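Below is run-v7.cif, holding mmCIF, C-alpha atoms and all ligand atoms; chains and numbers go by the auth columns.
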```cif
data_model
#
loop_
_atom_site.group_PDB
_atom_site.id
_atom_site.type_symbol
_atom_site.label_atom_id
_atom_site.label_comp_id
_atom_site.label_asym_id
_atom_site.label_seq_id
_atom_site.Cartn_x
_atom_site.Cartn_y
_atom_site.Cartn_z
_atom_site.B_iso_or_equiv
_atom_site.auth_seq_id
_atom_site.auth_asym_id
ATOM 1 C CA MET A 1 122.532 78.079 88.712 0.00 1 B
ATOM 2 C CA PRO A 2 122.394 80.606 85.854 0.00 2 B
ATOM 3 C CA MET A 3 125.926 81.924 86.468 0.00 3 B
ATOM 4 C CA ARG A 4 127.540 78.544 86.071 0.00 4 B
ATOM 5 C CA PHE A 5 125.450 77.855 83.005 0.00 5 B
ATOM 6 C CA LEU A 6 126.596 81.103 81.397 0.00 6 B
ATOM 7 C CA LYS A 7 130.208 80.298 82.171 0.00 7 B
ATOM 8 C CA GLN A 8 129.849 76.959 80.480 0.00 8 B
ATOM 9 C CA ILE A 9 128.356 78.492 77.385 0.00 9 B
ATOM 10 C CA ARG A 10 131.183 80.970 77.238 0.00 10 B
ATOM 11 C CA MET A 11 133.762 78.195 77.519 0.00 11 B
ATOM 12 C CA THR A 12 132.058 76.212 74.796 0.00 12 B
ATOM 13 C CA LEU A 13 131.938 79.233 72.528 0.00 13 B
ATOM 14 C CA GLY A 14 135.598 79.877 73.255 0.00 14 B
ATOM 15 C CA ALA A 15 136.523 76.326 72.317 0.00 15 B
ATOM 16 C CA MET A 16 134.452 76.484 69.162 0.00 16 B
ATOM 17 C CA LEU A 17 136.123 79.715 68.153 0.00 17 B
ATOM 18 C CA SER A 18 139.597 78.258 68.651 0.00 18 B
ATOM 19 C CA ILE A 19 138.704 75.244 66.581 0.00 19 B
ATOM 20 C CA ALA A 20 137.278 77.452 63.858 0.00 20 B
ATOM 21 C CA LEU A 21 140.413 79.562 63.871 0.00 21 B
ATOM 22 C CA MET A 22 142.623 76.503 63.717 0.00 22 B
ATOM 23 C CA GLY A 23 140.668 75.255 60.740 0.00 23 B
ATOM 24 C CA PHE A 24 141.060 78.639 59.124 0.00 24 B
ATOM 25 C CA ALA A 25 144.819 78.590 59.631 0.00 25 B
ATOM 26 C CA LEU A 26 145.070 75.071 58.207 0.00 26 B
ATOM 27 C CA ASN A 27 142.950 76.097 55.264 0.00 27 B
ATOM 28 C CA LEU A 28 145.185 79.057 54.593 0.00 28 B
ATOM 29 C CA ASN A 29 148.177 76.759 54.436 0.00 29 B
ATOM 30 C CA ALA A 30 146.427 74.301 52.193 0.00 30 B
ATOM 31 C CA ASP A 31 144.663 76.523 49.694 0.00 31 B
ATOM 32 C CA VAL A 32 146.665 79.678 49.206 0.00 32 B
ATOM 33 C CA PRO A 33 149.679 79.327 46.930 0.00 33 B
ATOM 34 C CA THR A 34 152.865 80.675 48.472 0.00 34 B
ATOM 35 C CA PRO A 35 155.535 82.454 46.451 0.00 35 B
ATOM 36 C CA GLN A 36 158.588 80.452 45.401 0.00 36 B
ATOM 37 C CA ILE A 37 161.413 82.422 46.952 0.00 37 B
ATOM 38 C CA PRO A 38 164.844 81.561 45.556 0.00 38 B
ATOM 39 C CA LYS A 39 167.378 80.569 48.241 0.00 39 B
ATOM 40 C CA ALA A 40 170.268 82.927 48.897 0.00 40 B
ATOM 41 C CA VAL A 41 173.516 81.734 47.316 0.00 41 B
ATOM 42 C CA LYS A 42 175.776 83.294 49.943 0.00 42 B
ATOM 43 C CA GLY A 43 175.743 83.965 53.654 0.00 43 B
ATOM 44 C CA GLU A 44 174.614 81.996 56.676 0.00 44 B
ATOM 45 C CA GLN A 45 171.912 84.588 57.191 0.00 45 B
ATOM 46 C CA CYS A 46 170.586 87.857 55.883 0.00 46 B
ATOM 47 C CA VAL A 47 171.796 91.325 56.878 0.00 47 B
ATOM 48 C CA GLU A 48 169.007 91.316 59.450 0.00 48 B
ATOM 49 C CA GLU A 49 166.746 88.568 60.809 0.00 49 B
ATOM 50 C CA THR A 50 164.969 86.823 57.938 0.00 50 B
ATOM 51 C CA ALA A 51 161.542 87.487 59.442 0.00 51 B
ATOM 52 C CA PHE A 52 162.452 91.144 59.812 0.00 52 B
ATOM 53 C CA MET A 53 163.672 91.234 56.210 0.00 53 B
ATOM 54 C CA ARG A 54 160.460 89.705 54.942 0.00 54 B
ATOM 55 C CA ARG A 55 158.488 92.521 56.470 0.00 55 B
ATOM 56 C CA ASN A 56 160.848 95.485 56.471 0.00 56 B
ATOM 57 C CA HIS A 57 163.339 95.216 53.607 0.00 57 B
ATOM 58 C CA MET A 58 161.626 98.107 51.830 0.00 58 B
ATOM 59 C CA ASP A 59 162.382 100.434 54.719 0.00 59 B
ATOM 60 C CA LEU A 60 166.075 99.569 54.572 0.00 60 B
ATOM 61 C CA LEU A 61 166.154 100.236 50.857 0.00 61 B
ATOM 62 C CA ASP A 62 163.756 102.936 49.940 0.00 62 B
ATOM 63 C CA HIS A 63 165.684 106.188 49.671 0.00 63 B
ATOM 64 C CA GLN A 64 162.837 107.915 47.956 0.00 64 B
ATOM 65 C CA ARG A 65 160.444 107.282 50.803 0.00 65 B
ATOM 66 C CA ASP A 66 162.417 107.815 53.988 0.00 66 B
ATOM 67 C CA GLY A 67 165.360 109.915 52.920 0.00 67 B
ATOM 68 C CA THR A 68 167.985 107.736 54.636 0.00 68 B
ATOM 69 C CA LEU A 69 170.294 108.323 51.698 0.00 69 B
ATOM 70 C CA ARG A 70 170.265 112.073 52.189 0.00 70 B
ATOM 71 C CA GLN A 71 170.521 111.792 55.960 0.00 71 B
ATOM 72 C CA GLY A 72 173.530 109.555 55.540 0.00 72 B
ATOM 73 C CA ILE A 73 172.415 106.876 58.006 0.00 73 B
ATOM 74 C CA ARG A 74 172.502 104.175 55.409 0.00 74 B
ATOM 75 C CA THR A 75 175.322 101.697 55.793 0.00 75 B
ATOM 76 C CA LYS A 76 177.141 99.522 53.292 0.00 76 B
ATOM 77 C CA LYS A 77 175.473 96.637 55.030 0.00 77 B
ATOM 78 C CA HIS A 78 172.187 97.440 53.314 0.00 78 B
ATOM 79 C CA SER A 79 173.520 98.230 49.854 0.00 79 B
ATOM 80 C CA LEU A 80 171.416 97.056 46.948 0.00 80 B
ATOM 81 C CA ASN A 81 174.401 95.403 45.343 0.00 81 B
ATOM 82 C CA GLY A 82 174.866 93.444 48.569 0.00 82 B
ATOM 83 C CA CYS A 83 171.288 92.168 48.359 0.00 83 B
ATOM 84 C CA LEU A 84 171.764 91.185 44.750 0.00 84 B
ATOM 85 C CA SER A 85 175.046 89.365 45.254 0.00 85 B
ATOM 86 C CA CYS A 86 173.664 87.044 47.946 0.00 86 B
ATOM 87 C CA HIS A 87 170.265 86.723 46.340 0.00 87 B
ATOM 88 C CA VAL A 88 171.410 86.291 42.741 0.00 88 B
ATOM 89 C CA VAL A 89 169.522 83.746 40.637 0.00 89 B
ATOM 90 C CA LYS A 90 171.430 82.084 37.772 0.00 90 B
ATOM 91 C CA ASP A 91 169.922 80.870 34.517 0.00 91 B
ATOM 92 C CA SER A 92 170.838 77.633 32.759 0.00 92 B
ATOM 93 C CA ASN A 93 173.928 79.330 31.259 0.00 93 B
ATOM 94 C CA ASN A 94 175.091 80.260 34.758 0.00 94 B
ATOM 95 C CA GLN A 95 174.367 83.934 34.035 0.00 95 B
ATOM 96 C CA ALA A 96 172.690 86.125 36.642 0.00 96 B
ATOM 97 C CA VAL A 97 169.099 86.764 35.608 0.00 97 B
ATOM 98 C CA THR A 98 168.001 90.399 35.346 0.00 98 B
ATOM 99 C CA PHE A 99 164.790 91.902 36.666 0.00 99 B
ATOM 100 C CA GLN A 100 163.318 91.072 33.226 0.00 100 B
ATOM 101 C CA SER A 101 163.154 87.476 34.334 0.00 101 B
ATOM 102 C CA GLU A 102 160.325 86.359 36.561 0.00 102 B
ATOM 103 C CA LYS A 103 162.888 84.243 38.392 0.00 103 B
ATOM 104 C CA HIS A 104 164.630 87.352 39.753 0.00 104 B
ATOM 105 C CA PHE A 105 164.702 87.300 43.559 0.00 105 B
ATOM 106 C CA CYS A 106 163.076 90.714 43.820 0.00 106 B
ATOM 107 C CA ARG A 107 160.099 89.545 41.775 0.00 107 B
ATOM 108 C CA SER A 108 159.472 86.282 43.592 0.00 108 B
ATOM 109 C CA CYS A 109 157.128 87.708 46.224 0.00 109 B
ATOM 110 C CA HIS A 110 156.223 90.904 44.472 0.00 110 B
ATOM 111 C CA GLU A 111 154.368 89.174 41.641 0.00 111 B
ATOM 112 C CA TYR A 112 152.408 87.311 44.248 0.00 112 B
ATOM 113 C CA ALA A 113 151.750 90.392 46.401 0.00 113 B
ATOM 114 C CA ALA A 114 151.138 92.625 43.347 0.00 114 B
ATOM 115 C CA VAL A 115 153.920 95.015 44.345 0.00 115 B
ATOM 116 C CA LYS A 116 155.562 97.112 41.637 0.00 116 B
ATOM 117 C CA ILE A 117 159.002 98.645 42.099 0.00 117 B
ATOM 118 C CA ASP A 118 160.824 101.026 39.770 0.00 118 B
ATOM 119 C CA CYS A 119 164.303 100.562 41.269 0.00 119 B
ATOM 120 C CA PHE A 120 165.776 98.744 38.305 0.00 120 B
ATOM 121 C CA GLY A 121 164.995 101.551 35.921 0.00 121 B
ATOM 122 C CA CYS A 122 168.100 103.169 37.437 0.00 122 B
ATOM 123 C CA HIS A 123 169.882 100.405 39.317 0.00 123 B
ATOM 124 C CA LYS A 124 171.466 97.314 37.820 0.00 124 B
ATOM 125 C CA SER A 125 169.444 94.254 38.747 0.00 125 B
ATOM 126 C CA THR A 126 172.428 91.908 38.641 0.00 126 B
ATOM 127 C CA PRO A 127 175.291 91.916 41.147 0.00 127 B
ATOM 128 C CA ASP A 128 178.388 93.900 40.298 0.00 128 B
ATOM 129 C CA GLN A 129 181.849 93.443 41.782 0.00 129 B
ATOM 130 C CA SER A 130 182.896 97.045 41.221 0.00 130 B
ATOM 131 C CA ALA A 131 181.992 99.244 44.180 0.00 131 B
ATOM 132 C CA SER A 132 180.783 102.171 42.092 0.00 132 B
ATOM 133 C CA SER A 133 177.902 100.284 40.542 0.00 133 B
ATOM 134 C CA LEU A 134 174.593 102.100 40.661 0.00 134 B
HETATM 135 C C1 LIG B . 165.746 107.860 39.340 0.00 201 P
HETATM 136 C C2 LIG B . 166.770 106.866 39.509 0.00 201 P
HETATM 137 C C3 LIG B . 166.659 105.957 40.739 0.00 201 P
HETATM 138 C C4 LIG B . 165.600 105.164 41.095 0.00 201 P
HETATM 139 C C5 LIG B . 164.261 104.998 40.392 0.00 201 P
HETATM 140 C C6 LIG B . 166.008 104.463 42.280 0.00 201 P
HETATM 141 N N1 LIG B . 167.280 104.836 42.631 0.00 201 P
HETATM 142 FE FE1 LIG B . 168.350 104.129 44.211 0.00 201 P
HETATM 143 N N2 LIG B . 169.855 105.410 43.791 0.00 201 P
HETATM 144 C C7 LIG B . 169.871 106.263 42.721 0.00 201 P
HETATM 145 C C8 LIG B . 171.085 107.071 42.798 0.00 201 P
HETATM 146 C C9 LIG B . 171.510 108.146 41.809 0.00 201 P
HETATM 147 C C10 LIG B . 171.772 106.654 43.961 0.00 201 P
HETATM 148 C C11 LIG B . 173.086 107.203 44.514 0.00 201 P
HETATM 149 C C12 LIG B . 174.253 106.532 43.843 0.00 201 P
HETATM 150 C C13 LIG B . 174.908 105.552 44.723 0.00 201 P
HETATM 151 O O1 LIG B . 174.878 105.757 45.940 0.00 201 P
HETATM 152 O O2 LIG B . 175.434 104.553 44.205 0.00 201 P
HETATM 153 C C14 LIG B . 170.971 105.595 44.550 0.00 201 P
HETATM 154 C C15 LIG B . 171.328 104.922 45.680 0.00 201 P
HETATM 155 C C16 LIG B . 170.622 103.845 46.209 0.00 201 P
HETATM 156 C C17 LIG B . 171.054 103.026 47.317 0.00 201 P
HETATM 157 C C18 LIG B . 172.332 103.215 48.125 0.00 201 P
HETATM 158 C C19 LIG B . 173.535 102.770 47.309 0.00 201 P
HETATM 159 C C20 LIG B . 173.471 101.320 46.980 0.00 201 P
HETATM 160 O O3 LIG B . 173.638 100.936 45.804 0.00 201 P
HETATM 161 O O4 LIG B . 173.211 100.522 47.876 0.00 201 P
HETATM 162 C C21 LIG B . 170.105 102.070 47.508 0.00 201 P
HETATM 163 C C22 LIG B . 170.102 100.972 48.555 0.00 201 P
HETATM 164 C C23 LIG B . 169.068 102.302 46.537 0.00 201 P
HETATM 165 N N3 LIG B . 169.420 103.371 45.762 0.00 201 P
HETATM 166 C C24 LIG B . 167.934 101.540 46.433 0.00 201 P
HETATM 167 C C25 LIG B . 166.893 101.824 45.559 0.00 201 P
HETATM 168 C C26 LIG B . 165.634 101.124 45.567 0.00 201 P
HETATM 169 C C27 LIG B . 165.280 99.957 46.471 0.00 201 P
HETATM 170 C C28 LIG B . 164.857 101.692 44.599 0.00 201 P
HETATM 171 C C29 LIG B . 163.445 101.357 44.235 0.00 201 P
HETATM 172 C C30 LIG B . 162.461 101.545 45.291 0.00 201 P
HETATM 173 C C31 LIG B . 165.646 102.756 43.985 0.00 201 P
HETATM 174 N N4 LIG B . 166.869 102.808 44.599 0.00 201 P
HETATM 175 C C32 LIG B . 165.228 103.545 42.946 0.00 201 P
HETATM 176 C C33 LIG B . 168.938 106.362 41.725 0.00 201 P
HETATM 177 C C34 LIG B . 167.709 105.750 41.720 0.00 201 P
HETATM 178 C C1 LIG B . 175.381 87.827 53.123 0.00 202 P
HETATM 179 C C2 LIG B . 174.349 87.449 52.191 0.00 202 P
HETATM 180 C C3 LIG B . 173.047 88.248 52.212 0.00 202 P
HETATM 181 C C4 LIG B . 172.914 89.612 51.972 0.00 202 P
HETATM 182 C C5 LIG B . 173.987 90.658 51.759 0.00 202 P
HETATM 183 C C6 LIG B . 171.488 89.863 51.963 0.00 202 P
HETATM 184 N N1 LIG B . 170.804 88.724 52.209 0.00 202 P
HETATM 185 FE FE1 LIG B . 168.768 88.538 52.349 0.00 202 P
HETATM 186 N N2 LIG B . 168.969 86.634 52.971 0.00 202 P
HETATM 187 C C7 LIG B . 170.162 85.925 53.039 0.00 202 P
HETATM 188 C C8 LIG B . 169.898 84.602 53.598 0.00 202 P
HETATM 189 C C9 LIG B . 170.934 83.511 53.834 0.00 202 P
HETATM 190 C C10 LIG B . 168.506 84.560 53.869 0.00 202 P
HETATM 191 C C11 LIG B . 167.709 83.412 54.526 0.00 202 P
HETATM 192 C C12 LIG B . 166.826 82.703 53.522 0.00 202 P
HETATM 193 C C13 LIG B . 167.619 82.020 52.426 0.00 202 P
HETATM 194 O O1 LIG B . 168.555 81.234 52.722 0.00 202 P
HETATM 195 O O2 LIG B . 167.351 82.303 51.248 0.00 202 P
HETATM 196 C C14 LIG B . 167.945 85.841 53.443 0.00 202 P
HETATM 197 C C15 LIG B . 166.604 86.175 53.499 0.00 202 P
HETATM 198 C C16 LIG B . 166.042 87.324 52.923 0.00 202 P
HETATM 199 C C17 LIG B . 164.633 87.589 52.745 0.00 202 P
HETATM 200 C C18 LIG B . 163.501 86.659 53.153 0.00 202 P
HETATM 201 C C19 LIG B . 163.390 85.560 52.117 0.00 202 P
HETATM 202 C C20 LIG B . 162.463 84.476 52.537 0.00 202 P
HETATM 203 O O3 LIG B . 162.771 83.306 52.239 0.00 202 P
HETATM 204 O O4 LIG B . 161.445 84.763 53.123 0.00 202 P
HETATM 205 C C21 LIG B . 164.502 88.794 52.125 0.00 202 P
HETATM 206 C C22 LIG B . 163.233 89.493 51.698 0.00 202 P
HETATM 207 C C23 LIG B . 165.835 89.297 51.923 0.00 202 P
HETATM 208 N N3 LIG B . 166.738 88.380 52.412 0.00 202 P
HETATM 209 C C24 LIG B . 166.137 90.503 51.322 0.00 202 P
HETATM 210 C C25 LIG B . 167.399 91.065 51.307 0.00 202 P
HETATM 211 C C26 LIG B . 167.676 92.449 50.934 0.00 202 P
HETATM 212 C C27 LIG B . 166.638 93.440 50.466 0.00 202 P
HETATM 213 C C28 LIG B . 169.015 92.626 51.079 0.00 202 P
HETATM 214 C C29 LIG B . 169.824 93.896 50.887 0.00 202 P
HETATM 215 C C30 LIG B . 169.459 94.992 51.781 0.00 202 P
HETATM 216 C C31 LIG B . 169.579 91.352 51.509 0.00 202 P
HETATM 217 N N4 LIG B . 168.574 90.442 51.650 0.00 202 P
HETATM 218 C C32 LIG B . 170.929 91.121 51.725 0.00 202 P
HETATM 219 C C33 LIG B . 171.411 86.378 52.650 0.00 202 P
HETATM 220 C C34 LIG B . 171.712 87.703 52.365 0.00 202 P
HETATM 221 C C1 LIG B . 159.910 87.473 50.889 0.00 203 P
HETATM 222 C C2 LIG B . 159.168 88.145 49.836 0.00 203 P
HETATM 223 C C3 LIG B . 159.855 89.350 49.172 0.00 203 P
HETATM 224 C C4 LIG B . 161.067 89.390 48.526 0.00 203 P
HETATM 225 C C5 LIG B . 162.004 88.243 48.247 0.00 203 P
HETATM 226 C C6 LIG B . 161.262 90.770 48.124 0.00 203 P
HETATM 227 N N1 LIG B . 160.191 91.525 48.504 0.00 203 P
HETATM 228 FE FE1 LIG B . 160.033 93.547 48.359 0.00 203 P
HETATM 229 N N2 LIG B . 158.166 93.474 49.153 0.00 203 P
HETATM 230 C C7 LIG B . 157.527 92.329 49.575 0.00 203 P
HETATM 231 C C8 LIG B . 156.183 92.664 50.009 0.00 203 P
HETATM 232 C C9 LIG B . 155.134 91.687 50.541 0.00 203 P
HETATM 233 C C10 LIG B . 156.045 94.066 49.839 0.00 203 P
HETATM 234 C C11 LIG B . 154.831 94.941 50.133 0.00 203 P
HETATM 235 C C12 LIG B . 154.829 95.247 51.603 0.00 203 P
HETATM 236 C C13 LIG B . 153.911 96.345 51.972 0.00 203 P
HETATM 237 O O1 LIG B . 153.251 96.912 51.116 0.00 203 P
HETATM 238 O O2 LIG B . 153.882 96.637 53.182 0.00 203 P
HETATM 239 C C14 LIG B . 157.327 94.535 49.298 0.00 203 P
HETATM 240 C C15 LIG B . 157.596 95.857 49.027 0.00 203 P
HETATM 241 C C16 LIG B . 158.800 96.327 48.535 0.00 203 P
HETATM 242 C C17 LIG B . 159.108 97.716 48.307 0.00 203 P
HETATM 243 C C18 LIG B . 158.162 98.892 48.553 0.00 203 P
HETATM 244 C C19 LIG B . 157.277 99.032 47.347 0.00 203 P
HETATM 245 C C20 LIG B . 156.236 100.109 47.512 0.00 203 P
HETATM 246 O O3 LIG B . 155.692 100.554 46.487 0.00 203 P
HETATM 247 O O4 LIG B . 155.947 100.481 48.642 0.00 203 P
HETATM 248 C C21 LIG B . 160.380 97.776 47.825 0.00 203 P
HETATM 249 C C22 LIG B . 161.159 99.037 47.430 0.00 203 P
HETATM 250 C C23 LIG B . 160.866 96.421 47.738 0.00 203 P
HETATM 251 N N3 LIG B . 159.878 95.567 48.193 0.00 203 P
HETATM 252 C C24 LIG B . 162.107 96.073 47.262 0.00 203 P
HETATM 253 C C25 LIG B . 162.560 94.776 47.107 0.00 203 P
HETATM 254 C C26 LIG B . 163.821 94.423 46.509 0.00 203 P
HETATM 255 C C27 LIG B . 164.815 95.407 45.930 0.00 203 P
HETATM 256 C C28 LIG B . 163.898 93.073 46.563 0.00 203 P
HETATM 257 C C29 LIG B . 165.046 92.203 46.075 0.00 203 P
HETATM 258 C C30 LIG B . 166.361 92.529 46.653 0.00 203 P
HETATM 259 C C31 LIG B . 162.690 92.570 47.202 0.00 203 P
HETATM 260 N N4 LIG B . 161.900 93.645 47.520 0.00 203 P
HETATM 261 C C32 LIG B . 162.403 91.238 47.461 0.00 203 P
HETATM 262 C C33 LIG B . 158.043 91.053 49.603 0.00 203 P
HETATM 263 C C34 LIG B . 159.291 90.685 49.124 0.00 203 P
#
```
Would you put the structure from the file into structure tokens?
Ligand code: HEC
Ligand code: HEC
Ligand code: HEC
Amino acid sequence: MPMRFLKQIRMTLGAMLSIALMGFALNLNADVPTPQIPKAVKGEQCVEETAFMRRNHMDLLDHQRDGTLRQGIRTKKHSLNGCLSCHVVKDSNNQAVTFQSEKHFCRSCHEYAAVKIDCFGCHKSTPDQSASSL
């Protein structure tokens, strides 16, 4: 019965592939270092779902790319100062670290993913209570 034989081979191959993939996933977890992301100091949750933020925070922020600033659809909810005040990292003197420090929240994944951002050439990298902070 050649048909049945073929089916069996296909099932075996399928099973082997799943096992290989599982091994691959396990390996990924074991071997690849993951970035140390500092925990937020405020808030039960982020301004959007954490998983969404991991992938899409740049789209909420990047005025140079998508022009949301000019179009005026940006809300206070996504202000940079808001990000910084919940995601502030303090040094041993209880001072907020600046973007100079590799402990800064916005560097935690970027170093690892080799992403470079120029935001803090203009914007303060520490949280500011005054609303008019750049
Ligand atoms: C050349 C200077 C410059 C650079 C570089 C720059 N910005 Fe801005 N940004 C501004 C100015 C000016 C404003 C408008 C002032 C305001 O709204 O406070 C602004 C406003 C914003 C706002 C809205 C206001 C706020 O504080 O939330 C966000 C968010 C923002 N920038 C994020 C970023 C991010 C993220 C980057 C890096 C990808 C970046 N900016 C790079 C100058 C800059
Ligand atoms: C009200 C406080 C608050 C504000 C404001 C806030 N966040 Fe968050 N954010 C959190 C919390 C809480 C989490 C969940 C993970 C944790 O506890 O650190 C989180 C998660 C994240 C993550 C995923 C981190 C991870 O562990 O994978 C990113 C990226 C992020 N936020 C970026 C931002 C950016 C960018 C802004 C500004 C647009 C912002 N957040 C504003 C509280 C906040
Ligand atoms: C959970 C990890 C993580 C954290 C924390 C994080 N980022 Fe990112 N960010 C990334 C990754 C990964 C990319 C590249 C994604 C891509 O290229 O699609 C990125 C890209 C960006 C970009 C676009 C850069 C470009 O050249 O396209 C901006 C702007 C940005 N992040 C801003 C920030 C700011 C501001 C903070 C701190 C408030 C921050 N990120 C914190 C992971 C993170």
Q: Enumerate residues in contact with ligand LIG 201 (chain P): an atom-to-atom distance of at most 6 Å, counting only C-alpha atoms and all ligand atoms. Format the result as a PyMOL selection string.
A: chain B and resi 61-62+79-81+117-119+121-122+134
Q: Report as a PyMOL selection string the residues that result from applying the PyMOL selection byres (((not hetatm)) within 10 of (chain P and resi 202)) to the structure here.
A: chain B and resi 35-62+75-88+105-106+108-109
Same residues, C-alpha atoms, saved as a PDB file, in the coordinates of the input:
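Result file is part_13.pdb:
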```pdb
ATOM      1  CA  PRO B  35     155.535  82.454  46.451  1.00  0.00           C
ATOM      2  CA  GLN B  36     158.588  80.452  45.401  1.00  0.00           C
ATOM      3  CA  ILE B  37     161.413  82.422  46.952  1.00  0.00           C
ATOM      4  CA  PRO B  38     164.844  81.561  45.556  1.00  0.00           C
ATOM      5  CA  LYS B  39     167.378  80.569  48.241  1.00  0.00           C
ATOM      6  CA  ALA B  40     170.268  82.927  48.897  1.00  0.00           C
ATOM      7  CA  VAL B  41     173.516  81.734  47.316  1.00  0.00           C
ATOM      8  CA  LYS B  42     175.776  83.294  49.943  1.00  0.00           C
ATOM      9  CA  GLY B  43     175.743  83.965  53.654  1.00  0.00           C
ATOM     10  CA  GLU B  44     174.614  81.996  56.676  1.00  0.00           C
ATOM     11  CA  GLN B  45     171.912  84.588  57.191  1.00  0.00           C
ATOM     12  CA  CYS B  46     170.586  87.857  55.883  1.00  0.00           C
ATOM     13  CA  VAL B  47     171.796  91.325  56.878  1.00  0.00           C
ATOM     14  CA  GLU B  48     169.007  91.316  59.450  1.00  0.00           C
ATOM     15  CA  GLU B  49     166.746  88.568  60.809  1.00  0.00           C
ATOM     16  CA  THR B  50     164.969  86.823  57.938  1.00  0.00           C
ATOM     17  CA  ALA B  51     161.542  87.487  59.442  1.00  0.00           C
ATOM     18  CA  PHE B  52     162.452  91.144  59.812  1.00  0.00           C
ATOM     19  CA  MET B  53     163.672  91.234  56.210  1.00  0.00           C
ATOM     20  CA  ARG B  54     160.460  89.705  54.942  1.00  0.00           C
ATOM     21  CA  ARG B  55     158.488  92.521  56.470  1.00  0.00           C
ATOM     22  CA  ASN B  56     160.848  95.485  56.471  1.00  0.00           C
ATOM     23  CA  HIS B  57     163.339  95.216  53.607  1.00  0.00           C
ATOM     24  CA  MET B  58     161.626  98.107  51.830  1.00  0.00           C
ATOM     25  CA  ASP B  59     162.382 100.434  54.719  1.00  0.00           C
ATOM     26  CA  LEU B  60     166.075  99.569  54.572  1.00  0.00           C
ATOM     27  CA  LEU B  61     166.154 100.236  50.857  1.00  0.00           C
ATOM     28  CA  ASP B  62     163.756 102.936  49.940  1.00  0.00           C
ATOM     29  CA  THR B  75     175.322 101.697  55.793  1.00  0.00           C
ATOM     30  CA  LYS B  76     177.141  99.522  53.292  1.00  0.00           C
ATOM     31  CA  LYS B  77     175.473  96.637  55.030  1.00  0.00           C
ATOM     32  CA  HIS B  78     172.187  97.440  53.314  1.00  0.00           C
ATOM     33  CA  SER B  79     173.520  98.230  49.854  1.00  0.00           C
ATOM     34  CA  LEU B  80     171.416  97.056  46.948  1.00  0.00           C
ATOM     35  CA  ASN B  81     174.401  95.403  45.343  1.00  0.00           C
ATOM     36  CA  GLY B  82     174.866  93.444  48.569  1.00  0.00           C
ATOM     37  CA  CYS B  83     171.288  92.168  48.359  1.00  0.00           C
ATOM     38  CA  LEU B  84     171.764  91.185  44.750  1.00  0.00           C
ATOM     39  CA  SER B  85     175.046  89.365  45.254  1.00  0.00           C
ATOM     40  CA  CYS B  86     173.664  87.044  47.946  1.00  0.00           C
ATOM     41  CA  HIS B  87     170.265  86.723  46.340  1.00  0.00           C
ATOM     42  CA  VAL B  88     171.410  86.291  42.741  1.00  0.00           C
ATOM     43  CA  PHE B 105     164.702  87.300  43.559  1.00  0.00           C
ATOM     44  CA  CYS B 106     163.076  90.714  43.820  1.00  0.00           C
ATOM     45  CA  SER B 108     159.472  86.282  43.592  1.00  0.00           C
ATOM     46  CA  CYS B 109     157.128  87.708  46.224  1.00  0.00           C
TER      47      CYS B 109
END
```
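With distances restricted to all atoms listed in the file, B:Thr98 is the closest residue to B:Ser125 from B:Thr98, B:Asn93, B:His110, B:His104.
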Q: Kindly give the distance, in Å, that separates atom C8 of ligand LIG 203 (chain P) and atom CA of B:Gln95, rounded to a single decimal.
A: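 Between atom C8 of ligand LIG 203 (chain P) and atom CA of B:Gln95 the gap is 25.7 Å.
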Q. Closest to ligand LIG 203 (chain P) among B:Lys116, B:Ser92, B:Val97, B:Glu111, using all atoms listed in the file?
A. B:Lys116
Q: Tell me which of B:Glu102, B:Phe120, B:Ala96, B:Asp91 sits closest to ligand LIG 203 (chain P), counting only C-alpha atoms and all ligand atoms.
A: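 Distance minimum relative to ligand LIG 203 (chain P) lands on B:Phe120.
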Box in all listed atoms of ligand LIG 203 (chain P), axis-aligned, with 5 Å more on each side; write out centre and edge lengths in Å to one decimal as JSON.
```
{"center_x": 159.8, "center_y": 94.0, "center_z": 49.6, "size_x": 23.1, "size_y": 23.1, "size_z": 17.3}
```
Q: State, in Å with one decimal place, the distance from atom O1 of ligand LIG 203 (chain P) to atom CA of B:Phe99.
A: 19.2 Å
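Between atom CA of B:Lys90 and atom O4 of ligand LIG 203 (chain P) the interatomic distance comes to 26.4 Å.
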